[in-house]
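J.: Please find input32.csv (CSV, C-alpha atoms) on the next line:
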chain,number,residue,atom,x,y,z
O,1,MET,CA,14.1,63.2,20.7
O,2,ASN,CA,11.8,62.6,17.8
O,3,GLN,CA,8.8,64.8,17.6
O,4,PRO,CA,5.5,63.0,17.0
O,5,GLU,CA,4.5,63.2,13.4
O,6,LYS,CA,1.9,65.9,12.7
O,7,PHE,CA,-0.5,65.0,10.0
O,8,PRO,CA,-2.3,67.6,7.9
O,9,THR,CA,-6.0,67.7,8.4
O,10,ASP,CA,-8.4,66.6,5.6
O,11,ALA,CA,-9.4,70.2,5.2
O,12,GLN,CA,-5.8,71.2,4.6
O,13,LEU,CA,-5.3,68.4,2.2
O,14,ALA,CA,-8.4,69.4,0.3
O,15,ALA,CA,-7.2,73.0,0.2
O,16,SER,CA,-3.9,71.9,-1.3
O,17,GLU,CA,-5.7,70.2,-4.1
O,18,VAL,CA,-5.4,73.3,-6.2
O,19,VAL,CA,-2.3,71.9,-7.9
O,20,VAL,CA,-3.8,68.5,-8.6
O,21,PRO,CA,-5.2,69.5,-12.0
O,22,ALA,CA,-1.7,70.5,-13.1
O,23,VAL,CA,-0.4,67.0,-12.2
O,24,LYS,CA,-3.3,65.3,-13.8
O,25,ALA,CA,-3.1,67.3,-17.0
O,26,MET,CA,0.4,66.3,-17.8
O,27,PRO,CA,0.4,64.5,-21.1
O,28,GLU,CA,0.3,60.7,-21.1
O,29,ASP,CA,3.6,59.0,-21.7
O,30,VAL,CA,3.6,56.5,-24.5
O,31,PRO,CA,6.5,54.1,-25.0
O,32,SER,CA,7.8,53.6,-28.5
O,33,MET,CA,7.0,50.7,-30.8
O,34,ALA,CA,10.6,49.6,-30.6
O,35,TRP,CA,10.3,49.4,-26.9
O,36,ARG,CA,7.2,47.3,-27.2
O,37,SER,CA,8.8,45.1,-29.7
O,38,ALA,CA,11.8,44.5,-27.5
O,39,LEU,CA,9.5,43.7,-24.6
O,40,ASN,CA,7.6,41.2,-26.7
O,41,ASP,CA,10.9,39.5,-27.5
O,42,ARG,CA,11.8,39.3,-23.9
O,43,LEU,CA,8.4,37.9,-23.0
O,44,ARG,CA,8.7,35.2,-25.6
O,45,GLU,CA,12.0,34.1,-24.1
O,46,GLU,CA,10.4,34.1,-20.6
O,47,SER,CA,7.5,32.1,-21.9
O,48,ALA,CA,9.9,29.5,-23.3
O,49,LYS,CA,11.6,29.3,-19.9
O,50,VAL,CA,8.2,28.8,-18.2
O,51,GLU,CA,7.3,26.1,-20.7
O,52,ARG,CA,10.6,24.2,-19.9
O,53,LYS,CA,9.9,24.5,-16.2
O,54,ARG,CA,6.4,23.1,-16.7
O,55,ARG,CA,7.9,20.1,-18.5
O,56,TRP,CA,10.3,19.5,-15.6
O,57,ARG,CA,7.5,19.8,-13.1
O,58,MET,CA,5.6,17.0,-14.8
O,59,TRP,CA,8.5,14.7,-13.8
O,60,LEU,CA,9.6,16.2,-10.6
O,61,PRO,CA,7.6,15.6,-7.4
O,62,GLY,CA,4.7,17.8,-7.1
O,63,ARG,CA,2.2,18.4,-4.4
O,64,SER,CA,0.4,15.0,-4.9
O,65,TRP,CA,0.8,11.9,-2.8
O,66,THR,CA,2.1,10.0,-5.8
O,67,GLY,CA,4.7,12.7,-6.2
O,68,ASN,CA,5.7,12.6,-2.6
O,69,GLY,CA,6.0,8.8,-2.7
O,70,LEU,CA,8.2,9.0,-5.7
O,71,ALA,CA,10.4,11.6,-4.0
O,72,VAL,CA,10.8,9.4,-0.9
O,73,ALA,CA,11.6,6.4,-3.0
O,74,MET,CA,14.2,8.3,-5.0
O,75,ALA,CA,15.8,9.6,-1.8
O,76,ALA,CA,15.9,6.1,-0.3
O,77,ALA,CA,17.5,4.7,-3.4
O,78,ILE,CA,20.2,7.3,-3.5
O,79,THR,CA,20.9,6.8,0.2
O,80,PHE,CA,21.1,3.0,-0.2
O,81,VAL,CA,23.5,3.3,-3.1
O,82,MET,CA,25.7,5.8,-1.2
O,83,LEU,CA,25.8,4.0,2.1
O,84,VAL,CA,26.0,0.3,1.2
O,85,PRO,CA,29.7,-0.8,0.8
O,86,ARG,CA,30.7,-1.9,-2.7
O,87,GLY,CA,33.2,-4.7,-1.8
O,88,PRO,CA,34.3,-6.9,1.1
O,89,SER,CA,35.1,-5.1,4.2
O,90,GLY,CA,38.7,-4.6,5.3
O,91,ARG,CA,41.7,-3.4,3.4
O,92,ASP,CA,40.9,-2.8,-0.2
O,93,ARG,CA,43.7,-4.3,-2.2
O,94,GLY,CA,44.3,-3.2,-5.7
O,95,PRO,CA,44.8,-5.7,-8.6
O,96,ALA,CA,48.6,-5.1,-8.8
O,97,ASP,CA,48.9,-5.9,-5.1
O,98,PHE,CA,47.0,-9.1,-5.5
O,99,GLU,CA,49.0,-10.2,-8.5
O,100,SER,CA,52.4,-9.7,-6.8
O,101,MET,CA,51.1,-11.7,-3.8
O,102,LEU,CA,50.1,-14.6,-6.1
O,103,ILE,CA,53.6,-14.5,-7.8
O,104,GLU,CA,55.4,-14.4,-4.5
O,105,THR,CA,53.3,-17.4,-3.2
O,106,HIS,CA,54.0,-19.3,-6.3
O,107,ARG,CA,57.8,-18.5,-6.1
O,108,VAL,CA,58.0,-19.7,-2.5
O,109,GLU,CA,56.0,-22.8,-3.3
O,110,THR,CA,58.2,-23.6,-6.2
O,111,SER,CA,61.5,-23.1,-4.4
O,112,LEU,CA,60.2,-25.1,-1.5
O,113,ALA,CA,59.3,-28.0,-3.7
O,114,ASN,CA,62.7,-27.7,-5.4
O,115,VAL,CA,64.6,-27.8,-2.1
O,116,THR,CA,62.6,-30.1,0.0
O,117,GLY,CA,60.8,-32.3,-2.4
O,118,SER,CA,58.1,-34.2,-0.6
O,119,GLY,CA,58.2,-34.8,3.1
O,120,LEU,CA,60.1,-31.8,4.5
O,121,SER,CA,58.3,-28.9,6.0
O,122,VAL,CA,59.2,-25.3,5.9
O,123,ALA,CA,60.2,-25.5,9.5
O,124,GLU,CA,62.5,-28.4,8.8
O,125,GLN,CA,64.1,-26.6,5.9
O,126,ASP,CA,64.7,-23.6,8.2
O,127,ALA,CA,66.3,-25.7,10.8
O,128,TYR,CA,68.9,-27.0,8.4
O,129,GLN,CA,69.4,-23.5,7.0
O,130,LEU,CA,69.9,-24.7,3.6
O,131,PRO,CA,70.3,-22.4,0.7
O,132,SER,CA,67.3,-22.5,-1.5
O,133,ASP,CA,69.1,-23.9,-4.5
O,134,VAL,CA,70.4,-27.0,-2.8
O,135,SER,CA,69.2,-30.1,-4.6
O,136,MET,CA,67.5,-33.0,-2.9
O,137,ASP,CA,70.5,-35.2,-3.3
O,138,VAL,CA,72.8,-33.0,-1.3
O,139,MET,CA,70.4,-32.6,1.4
O,140,GLN,CA,69.9,-36.3,1.7
O,141,PHE,CA,73.7,-36.9,1.9
O,142,GLU,CA,74.1,-34.5,4.7
O,143,ALA,CA,71.2,-35.9,6.6
O,144,ASP,CA,72.8,-39.3,6.4
O,145,ALA,CA,76.2,-38.0,7.6
O,146,PHE,CA,74.7,-36.3,10.5
Z,1,MET,CA,-13.7,66.1,-16.5
Z,2,GLU,CA,-11.4,66.9,-19.4
Z,3,MET,CA,-8.1,68.8,-19.2
Z,4,VAL,CA,-6.9,71.2,-21.8
Z,5,ILE,CA,-3.2,71.7,-22.6
Z,6,GLY,CA,-3.0,74.4,-25.2
Z,7,SER,CA,-5.2,73.2,-28.0
Z,8,GLN,CA,-4.9,69.6,-26.9
Z,9,VAL,CA,-7.8,68.0,-25.1
Z,10,LEU,CA,-6.8,65.1,-22.9
Z,11,PRO,CA,-9.2,62.2,-22.6
Z,12,LYS,CA,-10.3,60.9,-19.2
Z,13,MET,CA,-8.3,57.9,-17.8
Z,14,ARG,CA,-9.5,54.6,-19.1
Z,15,VAL,CA,-11.7,52.6,-16.7
Z,16,GLU,CA,-11.5,48.9,-17.4
Z,17,ASP,CA,-14.5,46.6,-17.1
Z,18,PRO,CA,-13.8,44.6,-13.9
Z,19,SER,CA,-15.1,41.3,-15.2
Z,20,THR,CA,-13.0,41.5,-18.3
Z,21,GLU,CA,-10.0,42.5,-16.3
Z,22,GLN,CA,-10.5,39.6,-13.8
Z,23,ALA,CA,-10.7,37.1,-16.7
Z,24,LEU,CA,-7.5,38.6,-18.1
Z,25,ILE,CA,-5.8,38.4,-14.7
Z,26,ASP,CA,-6.8,34.7,-14.4
Z,27,ARG,CA,-5.2,34.0,-17.8
Z,28,CYS,CA,-2.1,36.0,-16.8
Z,29,ARG,CA,-1.8,33.9,-13.7
Z,30,ARG,CA,-1.5,30.9,-15.9
Z,31,GLN,CA,1.3,32.8,-17.7
Z,32,ASP,CA,-0.6,33.0,-20.9
Z,33,VAL,CA,1.6,35.2,-23.1
Z,34,GLU,CA,-1.2,36.5,-25.3
Z,35,ALA,CA,-3.2,37.6,-22.3
Z,36,PHE,CA,-0.2,39.2,-20.7
Z,37,GLY,CA,0.3,41.2,-23.9
Z,38,LYS,CA,-3.2,42.6,-23.4
Z,39,PHE,CA,-2.4,43.3,-19.8
Z,40,VAL,CA,0.7,45.3,-21.0
Z,41,ASP,CA,-1.5,47.2,-23.4
Z,42,LEU,CA,-3.7,48.3,-20.5
Z,43,TYR,CA,-0.9,49.4,-18.2
Z,44,GLN,CA,2.1,50.3,-20.2
Z,45,ASN,CA,1.5,54.0,-20.5
Z,46,ARG,CA,0.7,54.5,-16.8
Z,47,VAL,CA,3.6,52.4,-15.6
Z,48,PHE,CA,5.9,54.1,-18.1
Z,49,GLY,CA,4.7,57.5,-17.0
Z,50,PHE,CA,5.3,56.7,-13.3
Z,51,VAL,CA,8.7,55.2,-13.9
Z,52,ARG,CA,9.8,58.1,-16.2
Z,53,ARG,CA,9.2,60.5,-13.4
Z,54,MET,CA,10.8,58.3,-10.8
Z,55,VAL,CA,13.9,57.7,-13.0
Z,56,SER,CA,15.0,60.8,-14.7
Z,57,ASN,CA,16.9,59.3,-17.6
Z,58,PRO,CA,14.3,58.3,-20.3
Z,59,ASP,CA,16.4,55.4,-21.6
Z,60,GLU,CA,16.7,54.0,-18.1
Z,61,ALA,CA,13.0,54.5,-17.6
Z,62,ALA,CA,12.3,52.5,-20.7
Z,63,ASP,CA,14.5,49.7,-19.4
Z,64,VAL,CA,13.0,49.7,-15.9
Z,65,THR,CA,9.5,49.7,-17.4
Z,66,GLN,CA,10.4,46.6,-19.4
Z,67,ASP,CA,11.8,45.0,-16.2
Z,68,VAL,CA,8.6,45.8,-14.4
Z,69,PHE,CA,6.5,43.8,-16.9
Z,70,ILE,CA,9.0,41.0,-17.1
Z,71,ARG,CA,9.0,40.7,-13.3
Z,72,ALA,CA,5.2,40.8,-13.3
Z,73,TYR,CA,5.0,38.0,-15.9
Z,74,GLN,CA,7.5,35.9,-14.0
Z,75,ASN,CA,5.6,36.3,-10.7
Z,76,PHE,CA,2.0,36.5,-11.9
Z,77,GLU,CA,1.5,32.9,-10.8
Z,78,ARG,CA,2.1,34.0,-7.2
Z,79,PHE,CA,-0.2,37.1,-7.4
Z,80,ASP,CA,-2.8,36.2,-4.7
Z,81,GLY,CA,-5.3,38.9,-5.4
Z,82,ARG,CA,-5.2,40.3,-1.8
Z,83,SER,CA,-4.4,43.7,-3.3
Z,84,SER,CA,-5.5,45.0,-6.6
Z,85,VAL,CA,-3.5,44.1,-9.6
Z,86,ARG,CA,-2.8,47.9,-10.1
Z,87,THR,CA,-1.3,48.1,-6.5
Z,88,TRP,CA,0.7,45.0,-7.1
Z,89,LEU,CA,2.1,46.2,-10.4
Z,90,PHE,CA,2.9,49.7,-9.1
Z,91,ARG,CA,4.6,48.1,-6.1
Z,92,ILE,CA,6.9,46.2,-8.5
Z,93,ALA,CA,7.5,49.5,-10.4
Z,94,HIS,CA,8.2,51.4,-7.3
Z,95,ASN,CA,10.6,48.8,-5.9
Z,96,LEU,CA,12.6,48.6,-9.2
Z,97,CYS,CA,12.9,52.4,-9.3
Z,98,ILE,CA,14.2,52.4,-5.8
Z,99,ASP,CA,16.7,49.6,-6.6
Z,100,ARG,CA,17.9,51.5,-9.6
Z,101,ALA,CA,18.4,54.7,-7.7
Z,102,ARG,CA,20.3,52.8,-5.0
Z,103,LYS,CA,22.5,51.1,-7.5
Z,104,GLN,CA,23.5,54.4,-9.1
Z,105,ASP,CA,23.5,56.2,-5.8
Z,106,ARG,CA,21.8,59.0,-7.6
Z,107,THR,CA,19.6,60.8,-5.1
Z,108,PRO,CA,17.9,63.7,-6.8
Z,109,GLN,CA,18.1,67.2,-5.3
Z,110,SER,CA,15.5,66.6,-2.8
Z,111,VAL,CA,13.0,68.5,-0.9
Z,112,SER,CA,13.6,67.7,2.7
Z,113,MET,CA,11.2,65.3,4.3
Z,114,ALA,CA,11.7,67.4,7.5
Z,115,ALA,CA,9.9,70.3,5.8
Z,116,ASP,CA,8.3,72.3,8.5
Z,117,HIS,CA,4.9,71.2,9.6
Z,118,ASP,CA,4.2,74.9,9.8
Z,119,ASP,CA,3.7,74.7,6.1
Z,120,PHE,CA,0.4,73.1,6.8
Z,121,GLU,CA,-0.8,76.4,8.3
Z,122,GLY,CA,1.1,78.8,6.2
Z,123,MET,CA,0.1,77.6,2.7
Z,124,ASP,CA,-1.9,80.0,0.6
Z,125,VAL,CA,-4.2,77.9,-1.6
Z,126,ALA,CA,-7.1,80.2,-2.3
Z,127,ASP,CA,-6.1,80.9,-5.9
Z,128,THR,CA,-9.2,80.4,-8.0
Z,129,ARG,CA,-7.2,80.1,-11.2
Z,130,TRP,CA,-6.4,76.6,-10.1
Z,131,GLN,CA,-10.0,75.5,-9.9
Z,132,ALA,CA,-10.1,72.3,-11.9
Z,133,ASP,CA,-12.9,73.6,-14.2
Z,134,HIS,CA,-10.8,76.6,-15.2
Z,135,VAL,CA,-7.5,75.1,-15.8
Z,136,LEU,CA,-5.8,76.0,-19.0
Z,137,MET,CA,-2.5,74.3,-19.1
Z,138,ARG,CA,0.3,75.4,-21.4
Z,139,GLU,CA,3.3,73.5,-22.5
Z,140,GLU,CA,5.5,75.7,-20.4
Z,141,LEU,CA,3.5,74.9,-17.3
Z,142,VAL,CA,3.8,71.2,-18.1
Z,143,ALA,CA,7.5,71.6,-18.2
Z,144,ILE,CA,7.5,73.5,-14.9
Z,145,VAL,CA,5.4,70.8,-13.2
Z,146,ASP,CA,7.6,68.0,-14.6
Z,147,ALA,CA,10.7,69.8,-13.4
Z,148,ALA,CA,9.2,70.5,-9.9
Z,149,ILE,CA,8.3,66.8,-9.6
Z,150,GLY,CA,11.9,65.9,-10.6
Z,151,THR,CA,13.4,67.9,-7.8
Z,152,MET,CA,11.2,66.3,-5.1
Z,153,SER,CA,12.6,63.5,-2.9
Z,154,GLU,CA,11.6,60.0,-4.1
Z,155,LYS,CA,9.3,59.7,-1.1
Z,156,LEU,CA,7.2,62.8,-1.9
Z,157,ARG,CA,7.3,62.2,-5.6
Z,158,SER,CA,5.9,58.6,-5.4
Z,159,VAL,CA,3.0,59.6,-3.2
Z,160,LEU,CA,2.2,62.6,-5.4
Z,161,LEU,CA,2.2,60.6,-8.6
Z,162,LEU,CA,0.3,57.7,-7.1
Z,163,HIS,CA,-2.4,59.9,-5.6
Z,164,ASP,CA,-2.8,62.8,-7.9
Z,165,ARG,CA,-1.9,61.1,-11.2
Z,166,GLU,CA,-3.0,57.6,-10.7
Z,167,ASP,CA,-6.0,58.4,-8.4
Z,168,MET,CA,-5.1,55.8,-5.9
Z,169,PRO,CA,-6.8,56.2,-2.5
Z,170,TYR,CA,-4.6,56.9,0.6
Z,171,GLU,CA,-5.1,53.4,1.9
Z,172,GLU,CA,-3.9,51.8,-1.3
Z,173,ILE,CA,-0.8,53.9,-1.4
Z,174,ALA,CA,-0.2,53.1,2.3
Z,175,GLU,CA,-0.4,49.4,1.5
Z,176,LEU,CA,1.8,49.8,-1.6
Z,177,LEU,CA,4.6,51.7,0.2
Z,178,THR,CA,4.0,50.0,3.5
Z,179,ILE,CA,3.7,53.2,5.5
Z,180,PRO,CA,0.9,54.5,7.6
Z,181,VAL,CA,-2.0,56.4,6.0
Z,182,GLY,CA,-1.1,59.5,8.1
Z,183,THR,CA,2.4,59.5,6.6
Z,184,VAL,CA,0.9,59.3,3.1
Z,185,LYS,CA,-1.2,62.4,3.8
Z,186,SER,CA,1.8,64.3,5.2
Z,187,ARG,CA,3.9,63.4,2.2
Z,188,LEU,CA,1.2,64.4,-0.2
Z,189,PHE,CA,0.7,67.7,1.5
Z,190,LEU,CA,4.4,68.5,1.4
Z,191,ALA,CA,4.6,67.4,-2.2
Z,192,ARG,CA,1.8,69.7,-3.2
Z,193,ALA,CA,3.2,72.6,-1.2
Z,194,HIS,CA,6.5,72.1,-3.1
Z,195,LEU,CA,4.7,72.0,-6.4
Z,196,GLN,CA,2.8,75.1,-5.6
Z,197,ARG,CA,6.0,77.0,-4.6
Z,198,ALA,CA,7.6,75.9,-7.9
Z,199,LEU,CA,4.6,77.3,-9.8
Z,200,GLN,CA,4.6,80.6,-8.0
Z,201,PRO,CA,6.9,82.4,-10.5
Z,202,TYR,CA,4.7,81.2,-13.3
Z,203,LEU,CA,1.6,82.6,-11.6
Z,204,GLN,CA,3.3,85.9,-10.9
Z,205,SER,CA,4.3,86.2,-14.6
Z,206,GLU,CA,0.7,85.4,-15.6
Z,207,ASP,CA,-0.4,88.3,-13.3
Z,208,ALA,CA,2.1,90.6,-14.9
Z,209,VAL,CA,0.6,89.8,-18.4
Rewrite the coordinates I just gave you, this time as C-alpha cells.
T.:
Amino acid sequence: MNQPEKFPTDAQLAASEVVVPAVKAMPEDVPSMAWRSALNDRLREESAKVERKRRWRMWLPGRSWTGNGLAVAMAAAITFVMLVPRGPSGRDRGPADFESMLIETHRVETSLANVTGSGLSVAEQDAYQLPSDVSMDVMQFEADAF
Amino acid sequence: MEMVIGSQVLPKMRVEDPSTEQALIDRCRRQDVEAFGKFVDLYQNRVFGFVRRMVSNPDEAADVTQDVFIRAYQNFERFDGRSSVRTWLFRIAHNLCIDRARKQDRTPQSVSMAADHDDFEGMDVADTRWQADHVLMREELVAIVDAAIGTMSEKLRSVLLLHDREDMPYEEIAELLTIPVGTVKSRLFLARAHLQRALQPYLQSEDAV
C-alpha cells in the first residue's frame, strides 16, 4: 500500500535554505554568438512560414459570417459537381462501341436493300431463307414458280 | 544581495518593467520577429542555464534551447496569459528536456524519489557558514554544486532550479509541473538535502584548513 505523502514543514524548508546561496551563486550561462545567429536564421524561416500562412488565411474561410458563407458555398459546389451524373443514365458506351454499332446497322440495311429491294420485309426474307447475295431477279423468279 | 565567486561579483537578477514586458508580449503574440528577438534577449540566459542543467550535454542543451524559442515563437499566438510568460516559457523548456531525455533513454544517476522522509527530521542545517550574507563561493564549489545537481533525478533537479535559481514561488512551480504544492515542497527539500550531502566533504576540507 502506498504511504500517504509526508510533506516537510515550512520551518524545515526554511532551515534547508542554507544551500540556496550556493545554487543562486552559480555563474550565469551565456549562449554563444554563433548560437544566437543560428537562432535568428531559424526565426527568419519561421517568420516567412507565418507570413505565408497569413496570406492563405486571407483567402480561406475565417471566423466571419462572410467566410462561413463562402465555405458553405464551396462545399455545396464540390458536392454538386461530384454527385450530379455527367451523361445519360444507363450503360455508358464508349465511342468504339457506338461506331461498330453504326457500321453493323449500315451493313444490315445495305444487304437488306440489295436482297429484298423494296416491298419485302426482313421477316419475309427470313421466311424464304435466301442467301444474302441473291439478286432481286432470282428471288422474283422463284416466287413466280412457287 | 550580491554573491561573490572568488573575485567575481555577480549582479542581481534582472527585473523587467511589467508594462514594457506586457507591450513586448503583445507584439510577440502577433508574431513580430523583432519583438521576439528582444524577448529572446530577456530570457535566453535563464532558459539556457535551466536547459544546460537538465540536459547534461552542452551541445544538446544549445539545440534544445533553440527549440524552446522556436516553439515559443510558433505558439505565442495561443499564449492566453493565464499563467505568466515565464511559467509558460519554462514549461516549454521543461517539456522539451523531458522529451529529449525520453528519446535518448538517458536517465541520469538519480537520487531516489523515495528518499526517506526521515531526512526531514535528520538534516543538520545549522551551519552558519552558509548564511547568505557570508557566502564566499569558489570555483571548486561551483563545480561541486553543478555536479551534485547533475546527479539528481530530473524531478528533484527541475524543482530545485526553478525555485532556488529562478525564484519561482511554489504555486507557480506546481502549475508549471502540474503537481501539488506539497509535492513541490517535498522535492525541494530532498533536492536541498542531496545538495548539502554532496557539499559535506567540501565543508570538512574547509574545516581541516
J.: When you draw a straight line from CA of Leu96 in chain Z to CA of Thr65 in chain Z, how long is it in Å?
T.: 8.8 Å
J.: Dump as an NGL selection string the residues of chain O that approach chain Z to within 9 Å, counting all atoms listed in the file.
T.: :O and (5-10 or 12-13 or 15-31 or 35-36 or 38-40 or 42-44 or 46-47 or 50)
J.: What is the distance, in Å and to one decimal place, between CA of Cys97 in chain Z and CA of Val51 in chain Z?
T.: 6.8 Å
J.: Mind pulling up the distance from CA of Arg100 in chain Z to CA of Arg86 in chain Z?
T.: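 Separation of CA of Arg86 in chain Z and CA of Arg100 in chain Z: 21.0 Å.
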